[in-house]
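Structure data follow from run_11.cif (mmCIF, C-alpha atoms):
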```cif
data_start
loop_
_atom_site.group_PDB
_atom_site.id
_atom_site.type_symbol
_atom_site.label_atom_id
_atom_site.label_comp_id
_atom_site.auth_asym_id
_atom_site.auth_seq_id
_atom_site.Cartn_x
_atom_site.Cartn_y
_atom_site.Cartn_z
ATOM 1 C CA MET A 1 0.000 0.000 0.000
ATOM 2 C CA ALA A 2 1.214 3.491 -0.817
ATOM 3 C CA ASP A 3 2.521 5.610 1.994
ATOM 4 C CA PRO A 4 0.068 8.513 2.411
ATOM 5 C CA ALA A 5 2.852 10.750 3.681
ATOM 6 C CA ARG A 6 4.730 10.347 0.393
ATOM 7 C CA ASN A 7 1.719 10.970 -1.764
ATOM 8 C CA PRO A 8 -0.061 14.252 -1.006
ATOM 9 C CA ASP A 9 -3.017 13.284 -3.194
ATOM 10 C CA SER A 10 -3.440 9.767 -1.837
ATOM 11 C CA SER A 11 -6.941 10.463 -0.530
ATOM 12 C CA ARG A 12 -8.125 10.866 -4.148
ATOM 13 C CA ASP A 13 -6.212 7.880 -5.586
ATOM 14 C CA ASN A 14 -9.301 5.739 -5.602
ATOM 15 C CA ALA A 15 -11.666 8.570 -6.420
ATOM 16 C CA ASP A 16 -13.299 6.749 -9.303
ATOM 17 C CA VAL A 17 -14.484 4.030 -6.899
ATOM 18 C CA GLU A 18 -14.876 5.595 -3.487
ATOM 19 C CA PRO A 19 -16.673 8.881 -2.865
ATOM 20 C CA ASP A 20 -15.557 11.271 -0.178
ATOM 21 C CA HIS A 21 -18.376 11.086 2.335
ATOM 22 C CA ARG A 22 -17.305 14.232 4.166
ATOM 23 C CA SER A 23 -19.527 16.052 1.699
ATOM 24 C CA ALA A 24 -22.676 14.605 3.147
ATOM 25 C CA THR A 25 -24.576 17.663 4.368
ATOM 26 C CA GLY A 26 -26.299 20.619 2.680
ATOM 27 C CA THR A 27 -26.500 21.723 -0.938
ATOM 28 C CA PRO A 28 -23.243 23.328 -2.089
ATOM 29 C CA ARG A 29 -23.287 26.699 -3.818
ATOM 30 C CA TRP A 30 -21.856 25.264 -7.046
ATOM 31 C CA VAL A 31 -24.856 22.942 -7.290
ATOM 32 C CA LYS A 32 -27.292 25.878 -7.130
ATOM 33 C CA ALA A 33 -25.350 27.857 -9.742
ATOM 34 C CA PHE A 34 -24.972 24.855 -12.033
ATOM 35 C CA GLY A 35 -28.630 23.964 -11.571
ATOM 36 C CA ILE A 36 -29.784 27.456 -12.581
ATOM 37 C CA ILE A 37 -27.590 27.426 -15.714
ATOM 38 C CA LEU A 38 -28.815 23.954 -16.660
ATOM 39 C CA ALA A 39 -32.462 24.920 -16.066
ATOM 40 C CA VAL A 40 -32.067 27.987 -18.314
ATOM 41 C CA LEU A 41 -30.498 25.813 -21.034
ATOM 42 C CA VAL A 42 -33.297 23.245 -20.834
ATOM 43 C CA LEU A 43 -35.911 26.029 -20.905
ATOM 44 C CA LEU A 44 -34.231 27.564 -23.951
ATOM 45 C CA PHE A 45 -34.210 24.180 -25.666
ATOM 46 C CA ILE A 46 -37.927 23.662 -24.965
ATOM 47 C CA VAL A 47 -38.767 27.160 -26.262
ATOM 48 C CA VAL A 48 -36.800 26.442 -29.451
ATOM 49 C CA LEU A 49 -38.654 23.137 -29.865
ATOM 50 C CA LEU A 50 -42.090 24.645 -29.282
ATOM 51 C CA PHE A 51 -41.766 27.856 -31.264
ATOM 52 C CA GLY A 52 -39.290 26.798 -33.944
ATOM 53 C CA ASP A 53 -40.443 26.282 -37.513
ATOM 54 C CA GLY A 54 -38.193 23.468 -38.670
ATOM 55 C CA PRO A 55 -38.696 19.682 -38.490
ATOM 56 C CA LEU A 56 -39.212 18.061 -35.085
ATOM 57 C CA GLY A 57 -40.606 21.289 -33.765
ATOM 58 C CA GLY A 58 -37.713 23.407 -34.878
ATOM 59 C CA HIS A 59 -34.280 21.901 -34.337
ATOM 60 C CA GLY A 60 -33.783 21.211 -37.997
ATOM 61 C CA PRO A 61 -32.541 23.227 -40.954
ATOM 62 C CA GLY A 62 -33.112 26.944 -40.767
ATOM 63 C CA ARG A 63 -33.313 27.107 -36.982
ATOM 64 C CA HIS A 64 -30.285 29.335 -36.624
ATOM 65 C CA THR A 65 -29.977 30.481 -40.170
ATOM 66 C CA GLY A 66 -32.678 33.073 -40.418
ATOM 67 C CA ALA A 67 -35.517 32.837 -42.911
ATOM 68 C CA SER A 68 -33.540 34.081 -45.884
ATOM 69 C CA ASN A 69 -30.460 31.978 -45.334
ATOM 70 C CA ALA A 70 -31.913 28.498 -45.079
ATOM 71 C CA GLY A 71 -33.453 28.373 -48.488
ATOM 72 C CA GLY A 72 -32.426 31.598 -50.125
ATOM 73 C CA GLN A 73 -29.298 33.309 -51.215
ATOM 74 C CA ASP A 74 -26.969 35.396 -49.169
ATOM 75 C CA PRO A 75 -27.032 38.704 -51.057
ATOM 76 C CA LEU A 76 -23.439 39.496 -50.136
ATOM 77 C CA VAL A 77 -21.977 36.110 -51.039
ATOM 78 C CA SER A 78 -23.066 34.969 -54.465
ATOM 79 C CA ARG A 79 -21.719 31.885 -56.204
ATOM 80 C CA GLN A 80 -19.645 34.056 -58.490
ATOM 81 C CA THR A 81 -17.899 35.599 -55.485
ATOM 82 C CA LEU A 82 -17.144 32.186 -54.009
ATOM 83 C CA ASP A 83 -15.821 30.905 -57.298
ATOM 84 C CA GLU A 84 -13.341 33.766 -57.463
ATOM 85 C CA PRO A 85 -10.176 32.967 -55.559
ATOM 86 C CA GLY A 86 -9.133 35.070 -52.605
ATOM 87 C CA LEU A 87 -10.608 37.455 -50.118
ATOM 88 C CA LEU A 88 -9.939 40.497 -52.300
ATOM 89 C CA ALA A 89 -12.494 39.397 -54.888
ATOM 90 C CA ALA A 90 -15.129 38.968 -52.214
ATOM 91 C CA MET A 91 -14.353 42.386 -50.766
ATOM 92 C CA ASN A 92 -14.562 44.003 -54.191
ATOM 93 C CA ARG A 93 -17.983 42.510 -54.766
ATOM 94 C CA ARG A 94 -19.176 43.687 -51.383
ATOM 95 C CA SER A 95 -17.956 47.234 -52.075
ATOM 96 C CA ASP A 96 -19.821 47.129 -55.415
ATOM 97 C CA LEU A 97 -23.013 46.307 -53.593
ATOM 98 C CA LEU A 98 -22.477 49.147 -51.147
ATOM 99 C CA VAL Z 1 -24.068 -3.628 -7.386
ATOM 100 C CA THR Z 2 -20.318 -3.173 -7.337
ATOM 101 C CA MET Z 3 -18.281 -4.209 -10.374
ATOM 102 C CA ALA Z 4 -15.159 -6.321 -10.120
ATOM 103 C CA PRO Z 5 -11.996 -4.153 -10.279
ATOM 104 C CA ARG Z 6 -10.939 -5.434 -13.716
ATOM 105 C CA LEU Z 7 -14.363 -4.835 -15.237
ATOM 106 C CA ARG Z 8 -14.587 -1.431 -13.562
ATOM 107 C CA LYS Z 9 -11.229 -0.362 -15.006
ATOM 108 C CA PHE Z 10 -12.259 -1.620 -18.445
ATOM 109 C CA VAL Z 11 -15.565 0.281 -18.402
ATOM 110 C CA LEU Z 12 -13.790 3.376 -17.060
ATOM 111 C CA THR Z 13 -11.231 3.198 -19.874
ATOM 112 C CA MET Z 14 -14.033 2.858 -22.429
ATOM 113 C CA HIS Z 15 -15.876 5.803 -20.891
ATOM 114 C CA VAL Z 16 -12.850 8.104 -20.815
ATOM 115 C CA ALA Z 17 -11.814 7.128 -24.368
ATOM 116 C CA ALA Z 18 -15.324 7.673 -25.751
ATOM 117 C CA SER Z 19 -15.828 10.967 -23.910
ATOM 118 C CA VAL Z 20 -12.455 12.408 -24.918
ATOM 119 C CA GLY Z 21 -12.997 11.142 -28.465
ATOM 120 C CA TRP Z 22 -16.404 12.848 -28.519
ATOM 121 C CA LEU Z 23 -14.807 16.119 -27.432
ATOM 122 C CA GLY Z 24 -12.136 15.830 -30.113
ATOM 123 C CA ALA Z 25 -14.672 14.969 -32.812
ATOM 124 C CA VAL Z 26 -16.728 18.046 -31.885
ATOM 125 C CA VAL Z 27 -13.582 20.186 -32.272
ATOM 126 C CA VAL Z 28 -13.127 18.692 -35.763
ATOM 127 C CA PHE Z 29 -16.772 19.487 -36.544
ATOM 128 C CA LEU Z 30 -16.251 23.066 -35.333
ATOM 129 C CA ALA Z 31 -13.245 23.404 -37.650
ATOM 130 C CA LEU Z 32 -15.362 22.190 -40.591
ATOM 131 C CA ALA Z 33 -18.127 24.606 -39.550
ATOM 132 C CA VAL Z 34 -15.740 27.573 -39.510
ATOM 133 C CA ILE Z 35 -14.418 26.590 -42.950
ATOM 134 C CA GLY Z 36 -18.009 26.331 -44.165
ATOM 135 C CA VAL Z 37 -18.817 29.867 -43.054
ATOM 136 C CA THR Z 38 -15.568 31.681 -43.782
ATOM 137 C CA GLY Z 39 -13.931 29.672 -46.599
ATOM 138 C CA GLN Z 40 -13.443 31.433 -49.921
ATOM 139 C CA ASP Z 41 -12.714 28.338 -51.967
ATOM 140 C CA ALA Z 42 -16.060 26.945 -53.182
ATOM 141 C CA GLN Z 43 -14.791 23.348 -53.366
ATOM 142 C CA LEU Z 44 -13.377 23.542 -49.869
ATOM 143 C CA VAL Z 45 -16.681 24.897 -48.508
ATOM 144 C CA ARG Z 46 -18.633 22.097 -50.183
ATOM 145 C CA ALA Z 47 -16.127 19.499 -48.949
ATOM 146 C CA ALA Z 48 -16.462 20.794 -45.378
ATOM 147 C CA TYR Z 49 -20.252 20.337 -45.393
ATOM 148 C CA LEU Z 50 -19.969 16.937 -47.085
ATOM 149 C CA ALA Z 51 -17.410 15.762 -44.515
ATOM 150 C CA ALA Z 52 -19.545 17.004 -41.622
ATOM 151 C CA GLU Z 53 -22.163 14.313 -42.264
ATOM 152 C CA PRO Z 54 -19.950 11.186 -41.902
ATOM 153 C CA VAL Z 55 -18.037 12.831 -39.045
ATOM 154 C CA THR Z 56 -21.346 13.235 -37.214
ATOM 155 C CA GLY Z 57 -22.937 9.921 -38.197
ATOM 156 C CA PHE Z 58 -19.945 7.616 -37.912
ATOM 157 C CA VAL Z 59 -17.896 9.315 -35.192
ATOM 158 C CA ILE Z 60 -19.763 11.806 -32.991
ATOM 159 C CA VAL Z 61 -23.041 9.894 -32.561
ATOM 160 C CA PRO Z 62 -21.433 6.483 -31.766
ATOM 161 C CA LEU Z 63 -18.980 8.106 -29.336
ATOM 162 C CA ALA Z 64 -21.816 9.996 -27.613
ATOM 163 C CA LEU Z 65 -23.835 6.793 -27.172
ATOM 164 C CA VAL Z 66 -20.817 4.813 -25.904
ATOM 165 C CA SER Z 67 -19.980 7.640 -23.495
ATOM 166 C CA LEU Z 68 -23.548 7.686 -22.177
ATOM 167 C CA VAL Z 69 -23.882 3.914 -21.759
ATOM 168 C CA THR Z 70 -20.449 3.371 -20.193
ATOM 169 C CA GLY Z 71 -20.997 6.366 -17.910
ATOM 170 C CA VAL Z 72 -24.232 4.878 -16.591
ATOM 171 C CA PHE Z 73 -22.587 1.455 -16.090
ATOM 172 C CA GLN Z 74 -19.579 3.039 -14.426
ATOM 173 C CA SER Z 75 -21.640 5.002 -11.918
ATOM 174 C CA LEU Z 76 -24.002 2.130 -11.140
ATOM 175 C CA GLY Z 77 -21.084 -0.285 -10.723
ATOM 176 C CA THR Z 78 -19.274 1.808 -8.134
ATOM 177 C CA GLN Z 79 -20.188 3.437 -4.833
ATOM 178 C CA TRP Z 80 -20.695 6.744 -6.619
ATOM 179 C CA GLY Z 81 -24.122 5.663 -7.854
ATOM 180 C CA LEU Z 82 -26.107 7.482 -10.529
ATOM 181 C CA PHE Z 83 -28.233 9.794 -8.381
ATOM 182 C CA ARG Z 84 -26.226 10.037 -5.145
ATOM 183 C CA HIS Z 85 -23.748 12.786 -5.996
ATOM 184 C CA TYR Z 86 -24.590 16.060 -7.694
ATOM 185 C CA TRP Z 87 -21.594 15.970 -10.029
ATOM 186 C CA VAL Z 88 -22.581 12.538 -11.354
ATOM 187 C CA LEU Z 89 -26.196 13.648 -11.767
ATOM 188 C CA PHE Z 90 -25.228 16.853 -13.611
ATOM 189 C CA LYS Z 91 -22.825 14.951 -15.823
ATOM 190 C CA LEU Z 92 -25.588 12.511 -16.714
ATOM 191 C CA LEU Z 93 -27.961 15.391 -17.533
ATOM 192 C CA LEU Z 94 -25.352 17.125 -19.700
ATOM 193 C CA ASN Z 95 -24.680 13.859 -21.535
ATOM 194 C CA VAL Z 96 -28.369 13.120 -22.106
ATOM 195 C CA ILE Z 97 -29.139 16.679 -23.301
ATOM 196 C CA ALA Z 98 -26.139 16.683 -25.652
ATOM 197 C CA THR Z 99 -27.064 13.282 -27.097
ATOM 198 C CA ILE Z 100 -30.730 14.214 -27.673
ATOM 199 C CA VAL Z 101 -29.818 17.501 -29.394
ATOM 200 C CA LEU Z 102 -27.165 15.686 -31.430
ATOM 201 C CA LEU Z 103 -29.586 13.016 -32.676
ATOM 202 C CA MET Z 104 -32.169 15.658 -33.601
ATOM 203 C CA TYR Z 105 -29.524 17.771 -35.291
ATOM 204 C CA MET Z 106 -28.522 14.934 -37.637
ATOM 205 C CA GLU Z 107 -31.370 16.009 -39.903
ATOM 206 C CA THR Z 108 -29.851 19.472 -40.279
ATOM 207 C CA VAL Z 109 -26.429 18.002 -41.000
ATOM 208 C CA ARG Z 110 -27.900 15.792 -43.747
ATOM 209 C CA TYR Z 111 -29.811 18.788 -45.163
ATOM 210 C CA PHE Z 112 -26.653 20.861 -45.560
ATOM 211 C CA ALA Z 113 -24.681 17.886 -46.936
ATOM 212 C CA ASP Z 114 -27.367 17.416 -49.600
ATOM 213 C CA ILE Z 115 -27.151 21.092 -50.583
ATOM 214 C CA ALA Z 116 -23.358 20.885 -50.757
ATOM 215 C CA ALA Z 117 -23.540 17.742 -52.906
ATOM 216 C CA GLU Z 118 -25.554 19.490 -55.623
ATOM 217 C CA SER Z 119 -23.191 21.555 -57.749
ATOM 218 C CA SER Z 120 -26.080 23.565 -59.187
ATOM 219 C CA THR Z 121 -27.201 25.013 -55.851
ATOM 220 C CA ASP Z 122 -25.960 28.379 -54.712
ATOM 221 C CA LEU Z 123 -23.286 28.315 -52.043
ATOM 222 C CA GLY Z 124 -24.935 31.248 -50.310
ATOM 223 C CA GLN Z 125 -27.302 28.701 -48.794
ATOM 224 C CA LEU Z 126 -24.377 27.114 -46.996
ATOM 225 C CA ARG Z 127 -23.279 30.343 -45.340
ATOM 226 C CA SER Z 128 -25.125 29.552 -42.168
ATOM 227 C CA PRO Z 129 -23.767 29.902 -38.616
ATOM 228 C CA THR Z 130 -25.835 26.947 -37.385
ATOM 229 C CA PHE Z 131 -22.918 24.457 -37.375
ATOM 230 C CA VAL Z 132 -20.658 26.918 -35.558
ATOM 231 C CA PHE Z 133 -23.405 27.701 -33.040
ATOM 232 C CA HIS Z 134 -24.213 24.068 -32.267
ATOM 233 C CA SER Z 135 -20.662 22.751 -32.162
ATOM 234 C CA SER Z 136 -19.559 25.641 -29.915
ATOM 235 C CA GLY Z 137 -22.424 24.869 -27.545
ATOM 236 C CA ALA Z 138 -21.562 21.167 -27.576
ATOM 237 C CA LEU Z 139 -17.928 21.978 -26.880
ATOM 238 C CA LEU Z 140 -18.822 24.106 -23.830
ATOM 239 C CA LEU Z 141 -21.147 21.397 -22.566
ATOM 240 C CA LEU Z 142 -18.548 18.651 -22.959
ATOM 241 C CA LEU Z 143 -15.873 20.788 -21.310
ATOM 242 C CA ALA Z 144 -18.220 21.342 -18.361
ATOM 243 C CA ALA Z 145 -18.747 17.568 -18.115
ATOM 244 C CA THR Z 146 -14.972 17.021 -18.246
ATOM 245 C CA VAL Z 147 -14.401 19.527 -15.443
ATOM 246 C CA LEU Z 148 -17.030 17.766 -13.312
ATOM 247 C CA ALA Z 149 -15.422 14.374 -13.977
ATOM 248 C CA VAL Z 150 -11.940 15.554 -13.064
ATOM 249 C CA TYR Z 151 -12.715 17.728 -10.013
ATOM 250 C CA LYS Z 152 -15.641 15.664 -8.656
ATOM 251 C CA PRO Z 153 -16.942 18.571 -6.565
ATOM 252 C CA ARG Z 154 -18.476 17.596 -3.243
ATOM 253 C CA GLY Z 155 -22.190 17.482 -2.616
ATOM 254 C CA MET Z 156 -24.667 14.660 -2.097
ATOM 255 C CA THR Z 157 -28.260 14.605 -3.216
ATOM 256 C CA ARG Z 158 -31.068 13.952 -0.714
ATOM 257 C CA TYR Z 159 -31.338 10.430 -2.123
ATOM 258 C CA GLY Z 160 -27.590 9.939 -1.671
ATOM 259 C CA ARG Z 161 -27.717 11.101 1.941
ATOM 260 C CA ARG Z 162 -30.604 8.761 2.681
ATOM 261 C CA LYS Z 163 -28.782 5.812 1.110
ATOM 262 C CA GLN Z 164 -25.653 6.659 3.053
ATOM 263 C CA HIS Z 165 -27.660 6.801 6.271
ATOM 264 C CA GLU Z 166 -29.256 3.420 5.488
ATOM 265 C CA GLN Z 167 -25.848 1.836 4.857
ATOM 266 C CA ARG Z 168 -24.501 3.167 8.150
ATOM 267 C CA THR Z 169 -27.570 1.834 9.964
ATOM 268 C CA VAL Z 170 -26.985 -1.626 8.458
ATOM 269 C CA LEU Z 171 -23.295 -1.583 9.356
ATOM 270 C CA VAL Z 172 -23.873 -0.254 12.890
ATOM 271 C CA PRO Z 173 -27.176 -1.660 14.110
#
```
Final C-alpha cells representation of the file:
Amino acid sequence: MADPARNPDSSRDNADVEPDHRSATGTPRWVKAFGIILAVLVLLFIVVLLFGDGPLGGHGPGRHTGASNAGGQDPLVSRQTLDEPGLLAAMNRRSDLL
Amino acid sequence: VTMAPRLRKFVLTMHVAASVGWLGAVVVFLALAVIGVTGQDAQLVRAAYLAAEPVTGFVIVPLALVSLVTGVFQSLGTQWGLFRHYWVLFKLLLNVIATIVLLMYMETVRYFADIAAESSTDLGQLRSPTFVFHSSGALLLLLAATVLAVYKPRGMTRYGRRKQHEQRTVLVP
C-alpha cells in the first residue's frame, strides 16, 4: 500500500471508486449555480422546440440560419464571389453592392 | 451492485476514451463549420459540409452513445451511484441533453450535406452559422462535463444522503 505521507493526493487515488463522504450535508453553492444554468439551457431548448419552424418542432434546418439563409441566397456572397479565388475578390464585390 | 476491479477499469477506460474522443470529434466538426462559413474556396466549402455528415454519423453519434452507456454502467457499478452525488447527476444530464440535441440535429447536418452535394445550388445557402453555433455549444457542454469528472466537486443529493444513512444503519445496528 502506498505511503500517504509520500503521496499528497493519496486520498483521491481511488476517487473513481470511493466517494468522499465528508460532503454529506447541505447543498453546495456550485450545485445551485450549475442547476440554474442547466435549467435555463433546458428552458431555452424547450422554447426552441415549441416555437421553432423546422422539423421536429424546430431543431432542424433553418433554426439558426434566419428565414432568408436556409433556403435563399446570401445577397453578399453569391456563387460568383465564391468561385473567385481570394478574399480580395469577395471584398470588391461587397464594395460594389455598397 | 459493485463491479469487479478489472471490469470497472475496463468500463472506465471505455468511458474516458469515448468521452475524450467525442470532445475531439466536436472540435473537428467546429473546424469544418468555420471553414463552411468563412472559406473562400467553393470546393473547400462544399467538402467541409460533405465531410460534416460522416463525421457526425460515424464518429460523434457512436462516441456519444458509448460515453452515455459506459458512464451509466460506471456510476451504477461503483459506490458513486447514478443519483447520489450532484456531479454525477449533472454529468448525466449534460450527456443526455447533448445526445438528444445531437440526434435531432442529424437532420440538419444531412440537409446541408445534400445542398453541398448538388453543384447547381448556390453556395450562399451554406453560409449559415448553425454548425458553428451548435458545435460551440456542444464543446462548452462537454468541457463542463470534463471539469465535473476531473474535479468531482463535493455534494450529495437527498437520495444519496438517505442511502448513506441506510448503509450506516446496516453496518452499525
query: Around (-18.9, 31.4, -40.8) in the file's own coordinates, what residues are found within 12 Å if you use only C-alpha atoms, given back as a list in words?
result: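 Returned residue set, sorted by chain then number, is Thr65 and Val77 of chain A; Leu30, Ala31, Leu32, Ala33, Val34, Ile35, Gly36, Val37, Thr38, Gly39, Gln40, Val45, Ala48, Gly124, Gln125, Leu126, Arg127, Ser128, Pro129, Thr130, Phe131, Val132 and Phe133 of chain Z.
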field: Evaluate the PyMOL selection byres ((chain Z and resi 143) around 12) and report residues as a PyMOL selection string
entry: chain Z and resi 19-20+22-24+26-27+91+94-95+98+136-142+144-150
- request: Using atom CA of Leu38 of chain A and atom CA of Tyr105 of chain Z as the two end points, give the distance in Å to one decimal.
  value: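 We find that atom CA of Leu38 of chain A and atom CA of Tyr105 of chain Z lie 19.6 Å from each other.
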message: To test your reading of the syntax: which residues would the PyMOL selection byres ((chain Z and resi 52-61) around 7) return for the file shown? Reply as a count of residues only.
response: 15
query: Separation of atom CA of Ala33 of chain A and atom CA of Leu76 of chain Z, in Å?
result: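 Computed distance, atom CA of Ala33 of chain A to atom CA of Leu76 of chain Z, equals 25.8 Å.
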task: Return as a VMD selection string the residues belonging to chain Z that are within 9 Å of chain A, counting all atoms listed in the file.
output: chain Z and resid 8 12 39 to 43 74 to 75 77 to 80 85 to 87 90 93 to 94 97 101 104 to 109 111 to 112 121 to 131 133 152 to 158 160 to 161 164
message: Please compute the atom CA of Met14 of chain Z-atom CA of Arg84 of chain Z distance, one decimal, in Å.
response: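 These atoms are spaced 22.3 Å apart.
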